[in-house]
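Q: Pasting structure-v4.txt here (compact mmCIF, C-alpha atoms):
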# COMPACT_ATOMS: atom_id res chain seq x y z
CA MET P 85 -10.28 -10.27 -21.08
CA ASN P 86 -7.27 -12.17 -19.74
CA SER P 87 -8.68 -14.62 -17.22
CA ARG P 88 -5.28 -15.51 -15.72
CA LEU P 89 -4.72 -11.86 -14.91
CA ILE P 90 -8.13 -11.43 -13.34
CA ASP P 91 -8.77 -14.76 -11.65
CA GLN P 92 -5.78 -14.71 -9.33
CA VAL P 93 -6.95 -11.45 -7.80
CA SER P 94 -9.26 -11.56 -4.78
CA TRP P 95 -11.70 -8.84 -5.76
CA ASN P 96 -13.56 -7.34 -2.82
CA SER P 97 -17.35 -7.11 -2.58
CA ASP P 98 -17.23 -3.91 -4.64
CA GLY P 99 -15.20 -5.64 -7.35
CA LEU P 100 -12.06 -3.72 -6.45
CA VAL P 101 -8.48 -4.45 -5.44
CA ALA P 102 -6.09 -2.11 -3.62
CA ALA P 103 -3.17 -0.86 -5.71
CA ILE P 104 -0.02 0.71 -4.28
CA ALA P 105 2.23 2.74 -6.58
CA GLN P 106 5.94 2.77 -5.79
CA ASP P 107 8.59 4.79 -7.58
CA ALA P 108 10.64 2.13 -9.39
CA SER P 109 13.79 4.18 -9.08
CA SER P 110 13.74 5.65 -5.57
CA GLY P 111 11.51 3.07 -3.91
CA ARG P 112 9.31 5.78 -2.47
CA VAL P 113 5.69 4.79 -1.97
CA LEU P 114 3.68 7.36 -3.88
CA MET P 115 0.01 6.56 -3.34
CA MET P 116 -2.63 3.91 -2.82
CA ALA P 117 -5.75 3.71 -4.95
CA TRP P 118 -8.16 1.09 -6.26
CA MET P 119 -8.61 -0.88 -9.46
CA ASN P 120 -11.50 -2.80 -10.93
CA ARG P 121 -11.09 -5.56 -13.48
CA GLU P 122 -11.19 -3.19 -16.42
CA SER P 123 -8.61 -0.82 -14.96
CA LEU P 124 -6.22 -3.66 -14.25
CA GLN P 125 -6.56 -4.89 -17.83
CA LEU P 126 -5.96 -1.38 -19.13
CA THR P 127 -2.96 -0.87 -16.86
CA ILE P 128 -1.31 -3.89 -18.43
CA ALA P 129 -2.42 -3.06 -21.96
CA GLU P 130 -1.38 0.59 -21.83
CA GLN P 131 1.61 0.12 -19.50
CA ARG P 132 0.46 3.01 -17.32
CA ALA P 133 -1.51 3.13 -14.10
CA VAL P 134 -5.26 3.17 -14.66
CA TYR P 135 -7.22 3.23 -11.41
CA TYR P 136 -10.91 3.17 -10.58
CA SER P 137 -12.13 6.26 -8.79
CA ARG P 138 -14.57 5.25 -6.08
CA SER P 139 -15.79 8.84 -5.64
CA ARG P 140 -16.40 9.40 -9.34
CA GLN P 141 -17.27 5.76 -10.01
CA ALA P 142 -15.27 5.88 -13.20
CA LEU P 143 -11.97 4.80 -14.69
CA TRP P 144 -9.13 7.11 -13.74
CA ARG P 145 -6.15 7.20 -16.04
CA LYS P 146 -3.64 8.67 -13.64
CA GLY P 147 -2.30 11.87 -15.18
CA GLU P 148 -5.15 12.32 -17.63
CA ASN P 149 -5.63 15.92 -16.46
CA SER P 150 -2.34 16.74 -14.74
CA GLY P 151 0.01 15.01 -17.15
CA HIS P 152 1.45 13.17 -14.13
CA VAL P 153 1.21 9.79 -15.77
CA GLN P 154 2.59 6.73 -14.03
CA GLN P 155 4.48 4.57 -16.51
CA LEU P 156 4.38 0.91 -15.57
CA HIS P 157 7.55 -1.12 -15.05
CA ALA P 158 6.19 -4.09 -13.15
CA ILE P 159 3.12 -5.20 -11.29
CA GLN P 160 3.10 -7.55 -8.33
CA LEU P 161 0.37 -9.37 -6.45
CA ASP P 162 0.46 -10.22 -2.77
CA CYS P 163 0.04 -13.62 -1.14
CA ASP P 164 -3.69 -13.39 -0.54
CA GLY P 165 -4.37 -11.63 -3.81
CA ASP P 166 -6.08 -8.55 -2.47
CA THR P 167 -3.36 -5.97 -3.06
CA LEU P 168 -1.33 -5.00 -6.11
CA LEU P 169 2.03 -3.25 -6.09
CA LEU P 170 2.94 -1.19 -9.14
CA GLN P 171 6.51 -0.21 -9.91
CA VAL P 172 6.24 3.03 -11.84
CA THR P 173 8.04 6.00 -13.24
CA GLN P 174 6.17 9.04 -12.00
CA ILE P 175 6.11 11.65 -14.74
CA GLY P 176 6.60 15.14 -13.31
CA ASP P 177 7.76 13.59 -10.04
CA ILE P 178 4.43 14.56 -8.50
CA ALA P 179 1.94 11.86 -7.57
CA CYS P 180 -0.25 13.78 -5.13
CA HIS P 181 -3.09 16.11 -6.06
CA THR P 182 -1.67 18.54 -3.45
CA GLY P 183 1.39 19.00 -5.66
CA ARG P 184 3.69 16.83 -3.59
CA GLN P 185 5.85 13.94 -4.73
CA SER P 186 4.00 11.41 -2.56
CA CYS P 187 0.55 11.34 -1.02
CA PHE P 188 2.19 10.16 2.22
CA TYR P 189 3.48 13.58 3.23
CA ARG P 190 2.15 13.68 6.80
CA SER P 191 4.13 12.02 9.58
CA TRP P 192 3.06 11.31 13.14
CA GLN P 193 5.35 13.34 15.37
CA GLU P 194 4.87 13.29 19.12
CA ALA P 195 1.26 14.39 19.28
CA ASP P 196 0.12 15.33 15.81
CA TRP P 197 0.27 14.62 12.10
CA VAL P 198 2.77 17.02 10.59
CA ALA P 199 3.22 17.78 6.90
CA THR P 200 6.89 17.10 6.36
CA GLU P 201 7.12 17.62 2.63
CA ALA P 202 6.86 20.83 0.66
CA VAL P 203 4.49 21.38 -2.22
CA ARG P 204 6.44 21.18 -5.48
CA LYS P 205 3.82 22.79 -7.65
CA ASP P 206 0.69 24.74 -6.80
CA PRO P 207 -2.33 22.49 -7.39
CA LYS P 208 -3.96 25.39 -9.23
CA ASP P 209 -1.21 25.06 -11.81
CA ILE P 210 -1.72 21.32 -12.09
CA TYR P 211 -5.47 20.99 -12.59
CA MET N 297 -7.25 7.68 23.31
CA ASN N 298 -5.32 10.29 21.34
CA SER N 299 -7.95 12.15 19.37
CA ARG N 300 -5.44 13.89 17.09
CA LEU N 301 -4.08 10.54 16.04
CA ILE N 302 -7.50 9.10 15.35
CA ASP N 303 -9.46 12.05 14.01
CA GLN N 304 -7.26 12.77 11.00
CA VAL N 305 -7.79 9.25 9.69
CA SER N 306 -10.70 8.59 7.33
CA TRP N 307 -11.94 5.31 8.79
CA ASN N 308 -13.97 3.24 6.36
CA SER N 309 -17.45 1.93 7.04
CA ASP N 310 -15.93 -1.04 8.90
CA GLY N 311 -13.87 1.31 11.07
CA LEU N 312 -10.64 0.34 9.35
CA VAL N 313 -7.79 2.03 7.51
CA ALA N 314 -5.35 0.41 5.08
CA ALA N 315 -1.77 0.14 6.35
CA ILE N 316 1.24 -0.52 4.13
CA ALA N 317 4.47 -1.74 5.72
CA GLN N 318 7.72 -0.74 4.03
CA ASP N 319 11.21 -1.84 5.04
CA ALA N 320 12.78 1.35 6.38
CA SER N 321 16.21 0.30 5.22
CA SER N 322 15.73 -1.27 1.79
CA GLY N 323 12.51 0.51 0.82
CA ARG N 324 10.89 -2.77 -0.13
CA VAL N 325 7.12 -2.88 0.31
CA LEU N 326 6.48 -5.85 2.57
CA MET N 327 2.71 -6.15 2.97
CA MET N 328 -0.60 -4.39 3.25
CA ALA N 329 -3.03 -5.01 6.08
CA TRP N 330 -5.70 -3.14 8.04
CA MET N 331 -5.89 -1.27 11.32
CA ASN N 332 -8.74 -0.21 13.54
CA ARG N 333 -8.53 2.65 16.03
CA GLU N 334 -7.21 0.47 18.80
CA SER N 335 -4.51 -1.14 16.67
CA LEU N 336 -3.27 2.25 15.49
CA GLN N 337 -3.05 3.47 19.08
CA LEU N 338 -1.18 0.31 20.06
CA THR N 339 1.17 0.60 17.10
CA ILE N 340 2.24 4.02 18.33
CA ALA N 341 2.31 3.03 21.98
CA GLU N 342 4.30 -0.16 21.46
CA GLN N 343 6.35 1.04 18.48
CA ARG N 344 5.58 -2.12 16.56
CA ALA N 345 2.97 -2.91 13.91
CA VAL N 346 -0.35 -4.01 15.38
CA TYR N 347 -2.95 -4.73 12.72
CA TYR N 348 -6.58 -5.77 12.83
CA SER N 349 -7.26 -9.15 11.28
CA ARG N 350 -10.48 -8.99 9.30
CA SER N 351 -10.69 -12.78 9.03
CA ARG N 352 -10.19 -13.36 12.75
CA GLN N 353 -11.87 -10.10 13.75
CA ALA N 354 -9.20 -9.53 16.34
CA LEU N 355 -6.08 -7.49 17.01
CA TRP N 356 -3.03 -8.91 15.30
CA ARG N 357 0.33 -8.08 16.80
CA LYS N 358 2.49 -8.84 13.80
CA GLY N 359 5.00 -11.48 14.82
CA GLU N 360 3.11 -12.63 17.90
CA ASN N 361 3.40 -16.26 16.76
CA SER N 362 6.25 -16.16 14.24
CA GLY N 363 8.54 -13.74 16.05
CA HIS N 364 8.59 -11.70 12.85
CA VAL N 365 7.82 -8.45 14.61
CA GLN N 366 7.80 -5.17 12.69
CA GLN N 367 9.55 -2.48 14.73
CA LEU N 368 8.18 0.96 13.96
CA HIS N 369 10.39 3.79 12.75
CA ALA N 370 7.81 6.17 11.36
CA ILE N 371 4.19 6.28 10.36
CA GLN N 372 2.77 8.42 7.60
CA LEU N 373 -0.75 9.32 6.51
CA ASP N 374 -1.83 10.01 2.96
CA CYS N 375 -3.58 13.09 1.60
CA ASP N 376 -7.12 11.79 1.93
CA GLY N 377 -6.42 10.03 5.21
CA ASP N 378 -7.48 6.55 4.20
CA THR N 379 -4.07 4.87 4.02
CA LEU N 380 -1.15 4.64 6.43
CA LEU N 381 2.46 3.92 5.51
CA LEU N 382 4.65 2.32 8.16
CA GLN N 383 8.42 2.43 8.00
CA VAL N 384 9.58 -0.67 9.81
CA THR N 385 12.45 -2.97 10.62
CA GLN N 386 11.28 -6.47 9.76
CA ILE N 387 12.65 -8.88 12.35
CA GLY N 388 13.74 -12.14 10.70
CA ASP N 389 13.55 -10.42 7.30
CA ILE N 390 10.36 -12.36 6.60
CA ALA N 391 7.05 -10.52 6.41
CA CYS N 392 4.97 -13.07 4.52
CA HIS N 393 3.25 -16.09 6.03
CA THR N 394 4.59 -18.09 3.08
CA GLY N 395 8.12 -17.58 4.43
CA ARG N 396 9.12 -14.93 1.94
CA GLN N 397 10.57 -11.50 2.62
CA SER N 398 7.62 -9.69 1.07
CA CYS N 399 4.01 -10.66 0.44
CA PHE N 400 4.38 -9.19 -3.06
CA TYR N 401 6.31 -12.11 -4.49
CA ARG N 402 4.23 -12.72 -7.62
CA SER N 403 4.88 -10.67 -10.74
CA TRP N 404 2.82 -10.42 -13.88
CA GLN N 405 4.97 -11.80 -16.70
CA GLU N 406 3.58 -12.03 -20.21
CA ALA N 407 0.52 -14.11 -19.52
CA ASP N 408 0.58 -15.21 -15.90
CA TRP N 409 1.44 -14.34 -12.31
CA VAL N 410 4.83 -15.88 -11.57
CA ALA N 411 6.37 -16.36 -8.13
CA THR N 412 9.72 -14.63 -8.49
CA GLU N 413 10.98 -14.92 -4.95
CA ALA N 414 12.15 -17.99 -3.09
CA VAL N 415 10.83 -19.10 0.26
CA ARG N 416 13.37 -18.22 2.94
CA LYS N 417 11.95 -20.44 5.62
CA ASP N 418 9.39 -23.22 5.51
CA PRO N 419 6.09 -21.89 6.90
CA LYS N 420 5.85 -25.08 8.95
CA ASP N 421 8.93 -23.89 10.79
CA ILE N 422 7.46 -20.46 11.34
CA TYR N 423 4.01 -21.20 12.76
Translate this file's structure into C-alpha cells.
A:
Amino acid sequence: MNSRLIDQVSWNSDGLVAAIAQDASSGRVLMMAWMNRESLQLTIAEQRAVYYSRSRQALWRKGENSGHVQQLHAIQLDCDGDTLLLQVTQIGDIACHTGRQSCFYRSWQEADWVATEAVRKDPKDIY
Amino acid sequence: MNSRLIDQVSWNSDGLVAAIAQDASSGRVLMMAWMNRESLQLTIAEQRAVYYSRSRQALWRKGENSGHVQQLHAIQLDCDGDTLLLQVTQIGDIACHTGRQSCFYRSWQEADWVATEAVRKDPKDIY
C-alpha cells in the first residue's frame, strides 16, 4: 500500500472519500461516488475508476457489468483532502445507470426538477 | 419552503447533500461542499452558492468574507439525488481558501500528490 497516496486523504468516519468523475475531453461532470483506501489504490494501479459501493458494501469497478469503464487520465485532491476529482475517458459515453451521459441530468427549472437529457441507451440493454 | 425542491433530494443522515461547483464558462471543477435544506433554498432564492459549513455548523454564503461569491447559473441533481452540481460564475476567479482558482490543485504524479497550480492571491490578503 502506498502510504503517500493514502495519508494525504482525509478519510471520513466510514473510511471513504468522495470522488467526482469528469470527462477529460468535454469537461462534463459525469458522476460522484465514493472510494475507500483499496479502491483508490486500485484506481491508480489499474488506471480506471474503481469505486466503493456503499449500498453493496463492495468494490465497484465502474463498467464491470455495463462495459462503461472510466479510463483514468489524472486524479486530483482538494485542499482539505476530502474530495477527489478524476479526469476520465468514459467508454460508451454513458456514465449513468439510467443510460444517460451524465448522472446530473435533472435541472431545477422554475418550480421543479426537470430531466433535460435524453436516455442514450435503454438500461435494460446495458445491464 | 419549496417542497419540490427539497423532496427530490436524498438528504443524508446529517441532513446534508454534496454540492459540486463548476465554472459555467471554463468547465473547471472548483470545489465540493455541503448544503442543508435551508442553504439549498437560499442558493435558489439568492442565485448564489450558499453552503452549510460542517466545521462551523452554520450557513456559509460563499464569498461572504472574501468577496469570492459564486453566482448561480444552473443547478443540477444526480440520478440518486444525493449530489448537486452548480454551474457558477466565480467572482475573483478564486474558489479556494488557499488563493487558487480551484480547490483541486494537487495531482497524483508517480509517487506523490503535487501542487500543480500557483497561488493567485495570498490568503492573508483574502481573509
Q: Write down, as a list in words, each residue of chain N that has any atom within 8 Å of an atom of chain P, counting only C-alpha atoms.
A: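 Going by the stated atoms only, the list reads Arg300, Leu301, Gln304, Gly323, Arg324, Met327, Met328, Ala370, Ile371, Gln372, Leu373, Asp374, Cys375, Thr379, Leu380, Leu381, Cys392, Thr394, Cys399, Phe400, Tyr401, Arg402, Ser403, Trp404, Ala407, Asp408 and Trp409 of chain N.
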Q: Could you write out the selected residues, including C-alpha atoms, as a compact mmCIF listing (two decimals), keeping the file's coordinate frame?
A:
# COMPACT_ATOMS: atom_id res chain seq x y z
CA ARG N 300 -5.44 13.89 17.09
CA LEU N 301 -4.08 10.54 16.04
CA GLN N 304 -7.26 12.77 11.00
CA GLY N 323 12.51 0.51 0.82
CA ARG N 324 10.89 -2.77 -0.13
CA MET N 327 2.71 -6.15 2.97
CA MET N 328 -0.60 -4.39 3.25
CA ALA N 370 7.81 6.17 11.36
CA ILE N 371 4.19 6.28 10.36
CA GLN N 372 2.77 8.42 7.60
CA LEU N 373 -0.75 9.32 6.51
CA ASP N 374 -1.83 10.01 2.96
CA CYS N 375 -3.58 13.09 1.60
CA THR N 379 -4.07 4.87 4.02
CA LEU N 380 -1.15 4.64 6.43
CA LEU N 381 2.46 3.92 5.51
CA CYS N 392 4.97 -13.07 4.52
CA THR N 394 4.59 -18.09 3.08
CA CYS N 399 4.01 -10.66 0.44
CA PHE N 400 4.38 -9.19 -3.06
CA TYR N 401 6.31 -12.11 -4.49
CA ARG N 402 4.23 -12.72 -7.62
CA SER N 403 4.88 -10.67 -10.74
CA TRP N 404 2.82 -10.42 -13.88
CA ALA N 407 0.52 -14.11 -19.52
CA ASP N 408 0.58 -15.21 -15.90
CA TRP N 409 1.44 -14.34 -12.31
Q: List the neighbours of Trp307 of chain N out to 8 Å using all atoms listed in the file; skip same-chain residues closer than 4 positions along the sequence, and give me the result as a PyMOL selection string.
A: chain N and resi 311-313+332+378
Q: Could you dump the residues just selected with C-alpha atoms as a tab-separated table (two decimals), keeping the file's coordinate frame?
A:
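The file below, result_9.tsv, is the result:
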chain	number	residue	atom	x	y	z
N	311	GLY	CA	-13.87	1.31	11.07
N	312	LEU	CA	-10.64	0.34	9.35
N	313	VAL	CA	-7.79	2.03	7.51
N	332	ASN	CA	-8.74	-0.21	13.54
N	378	ASP	CA	-7.48	6.55	4.20
Q: Please identify all polymer residues within 8 Å of segment 343-352 of chain N, counting all atoms listed in the file, omitting same-chain residues fewer than 2 positions from it, and present them as a PyMOL selection string.
A: chain N and resi 329-332+335-336+338-341+354-358+365-369+382+384
Q: Atom CA of Glu122 of chain P to atom CA of Ser97 of chain P: how many Å, to one decimal?
A: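 Separation of atom CA of Glu122 of chain P and atom CA of Ser97 of chain P: 15.6 Å.
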Q: Quick one: pull the distance between atom CA of Ile178 of chain P and atom CA of Gln125 of chain P, Å, one decimal.
A: 24.2 Å
Q: Between atom CA of Tyr211 of chain P and atom CA of Glu130 of chain P, what is the distance, to one decimal in Å?
A: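 So the two atoms, atom CA of Tyr211 of chain P and atom CA of Glu130 of chain P, lie 22.8 Å apart.
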